[in-house]
>>> print(open('entry-v8.txt').read())   # compact mmCIF, C-alpha atoms
# COMPACT_ATOMS: atom_id res chain seq x y z
CA ALA R 120 142.57 96.37 145.28
CA LEU R 121 142.28 100.11 145.92
CA ARG R 122 145.75 100.25 147.42
CA ARG R 123 147.17 98.46 144.37
CA ARG R 124 145.26 100.79 142.02
CA ILE R 125 146.69 103.83 143.80
CA SER R 126 150.26 102.49 143.72
CA GLU R 127 150.17 101.00 140.20
CA GLY R 128 147.65 103.34 138.60
CA GLY R 129 144.62 102.60 136.47
CA SER R 130 142.28 99.70 136.93
CA TRP R 131 142.42 96.02 136.02
CA ARG R 132 140.65 96.85 132.73
CA VAL R 133 143.48 99.18 131.75
CA ARG R 134 146.09 96.58 132.58
CA VAL R 135 144.57 93.99 130.22
CA SER R 136 144.11 96.43 127.33
CA LEU R 137 146.59 97.25 124.59
CA ALA R 138 147.32 100.56 126.32
CA GLY R 139 147.91 98.69 129.58
CA THR R 140 150.32 96.32 127.83
CA GLY R 141 152.18 99.32 126.41
CA MET R 142 152.44 100.89 129.85
CA TRP R 143 153.68 97.58 131.29
CA LEU R 144 156.37 97.31 128.60
CA ASP R 145 157.36 100.95 129.08
CA ARG R 146 157.85 100.43 132.83
CA HIS R 147 160.45 97.76 132.07
CA GLY R 148 162.82 100.32 130.55
CA ARG R 149 164.49 100.75 127.20
CA THR R 150 167.19 98.68 125.56
CA GLU R 151 170.18 99.74 123.52
CA ASN R 152 168.28 98.77 120.35
CA ALA R 153 165.46 101.24 121.07
CA GLY R 154 164.60 103.29 118.02
CA THR R 155 165.92 100.79 115.49
CA GLU R 156 163.43 99.22 113.12
CA PRO R 157 163.35 95.41 113.13
CA ASP R 158 163.67 93.56 109.82
CA VAL R 159 160.20 92.15 109.10
CA THR R 160 160.58 91.44 105.38
CA ASP R 161 160.16 87.69 105.99
CA LEU R 162 156.69 88.40 107.48
CA LEU R 163 155.38 90.39 104.49
CA THR R 164 153.51 89.37 101.36
CA ARG R 165 151.94 91.18 98.40
CA THR R 166 148.30 90.91 97.28
CA ASP R 167 146.48 92.42 94.31
CA SER R 168 143.46 94.52 95.22
CA SER R 169 141.07 97.06 93.73
CA PHE R 170 143.49 99.70 95.04
CA GLY R 171 146.55 98.16 93.34
CA ARG R 172 149.21 95.80 94.67
CA LEU R 173 149.43 95.99 98.47
CA THR R 174 152.19 94.89 100.82
CA HIS R 175 150.92 93.52 104.13
CA ILE R 176 151.73 91.09 106.91
CA ARG R 177 151.16 87.43 106.05
CA ILE R 178 148.43 85.44 107.79
CA PRO R 179 150.06 83.84 110.86
CA GLY R 180 150.28 80.09 111.23
CA GLU R 181 150.20 77.13 108.90
CA LEU R 182 148.42 73.81 108.68
CA PRO R 183 149.94 70.92 106.74
CA GLY R 184 148.30 70.84 103.30
CA ALA R 185 146.16 73.94 103.98
CA GLU R 186 148.30 77.07 103.78
CA PRO R 187 146.23 80.14 104.75
CA PHE R 188 145.74 82.77 102.06
CA TRP R 189 143.50 85.65 101.00
CA ARG R 190 141.49 85.08 97.80
CA HIS R 191 141.67 88.79 97.01
CA GLY R 192 142.73 92.06 98.58
CA PRO R 193 140.42 94.77 99.88
CA ARG R 194 137.79 95.93 97.46
CA ILE R 195 136.41 99.38 96.75
CA PRO R 196 133.35 99.99 98.97
CA GLY R 197 130.16 99.34 97.01
CA GLY R 198 132.11 97.60 94.23
CA ASP R 199 130.55 94.16 94.78
CA GLN R 200 127.00 93.08 94.09
CA PRO R 201 125.10 92.32 97.33
CA GLU R 202 124.39 88.59 97.52
CA TRP R 203 123.87 85.79 100.02
CA TRP R 204 126.19 82.81 100.02
>>> encode(input="entry-v8.txt", output="structure tokens")
Amino acid sequence: ALRRRISEGGSWRVRVSLAGTGMWLDRHGRTENAGTEPDVTDLLTRTDSSFGRLTHIRIPGELPGAEPFWRHGPRIPGGDQPEWW
């Protein structure tokens, strides 16, 4: 384990983190498309909020007859009455 840590760097915790994933992807080199922005318009939706209309990524996944959705967008902190459901 120590030999692997010396040769690969970091620890097993780093390798399973987001930073570790980034380092793993970076080690695999760049492609000719590097630097171009992918088209993600089909993944976006718009929601009204206390801050105005927001564009954000849709909730992933679907269930037949139960499409996921947000009832409302983010609210201004302290704008809601405290209550138990």
>>> closest_atom_pairs(input="entry-v8.txt", of="segment 129-181 of chain R", to="segment 194-197 of chain R", cutoff="12 Å", atoms="all atoms listed in the file", output="JSON lines")
{"residue": "R:Thr166", "atom": "CA", "partner": "R:Arg194", "partner_atom": "CA", "distance": 11.6}
{"residue": "R:Asp167", "atom": "CA", "partner": "R:Arg194", "partner_atom": "CA", "distance": 9.9}
{"residue": "R:Ser168", "atom": "CA", "partner": "R:Arg194", "partner_atom": "CA", "distance": 6.3}
{"residue": "R:Ser169", "atom": "CA", "partner": "R:Arg194", "partner_atom": "CA", "distance": 5.1}
{"residue": "R:Phe170", "atom": "CA", "partner": "R:Arg194", "partner_atom": "CA", "distance": 7.2}
{"residue": "R:Gly171", "atom": "CA", "partner": "R:Arg194", "partner_atom": "CA", "distance": 9.9}
{"residue": "R:Arg172", "atom": "CA", "partner": "R:Arg194", "partner_atom": "CA", "distance": 11.8}
{"residue": "R:Leu173", "atom": "CA", "partner": "R:Arg194", "partner_atom": "CA", "distance": 11.7}
>>> atom_distance(input="entry-v8.txt", atom1="atom CA of Phe188 of chain R", atom2="atom CA of Ile176 of chain R")
11.3 Å
>>> atom_distance(input="entry-v8.txt", atom1="atom CA of Leu162 of chain R", atom2="atom CA of Pro187 of chain R")
13.6 Å
>>> atom_distance(input="entry-v8.txt", atom1="atom CA of Thr155 of chain R", atom2="atom CA of Ser136 of chain R")
25.2 Å
>>> axis_aligned_box(input="entry-v8.txt", around="segment 161-172 of chain R", padding_each_side="8 Å", output="JSON")
{"center_x": 150.6, "center_y": 93.7, "center_z": 100.4, "size_x": 35.1, "size_y": 28.0, "size_z": 30.1}
>>> closest_residue(input="entry-v8.txt", among="R:Thr150, R:Pro193, R:Pro157, R:Glu186", to="Thr174 of chain R", atoms="only C-alpha atoms")
R:Pro193
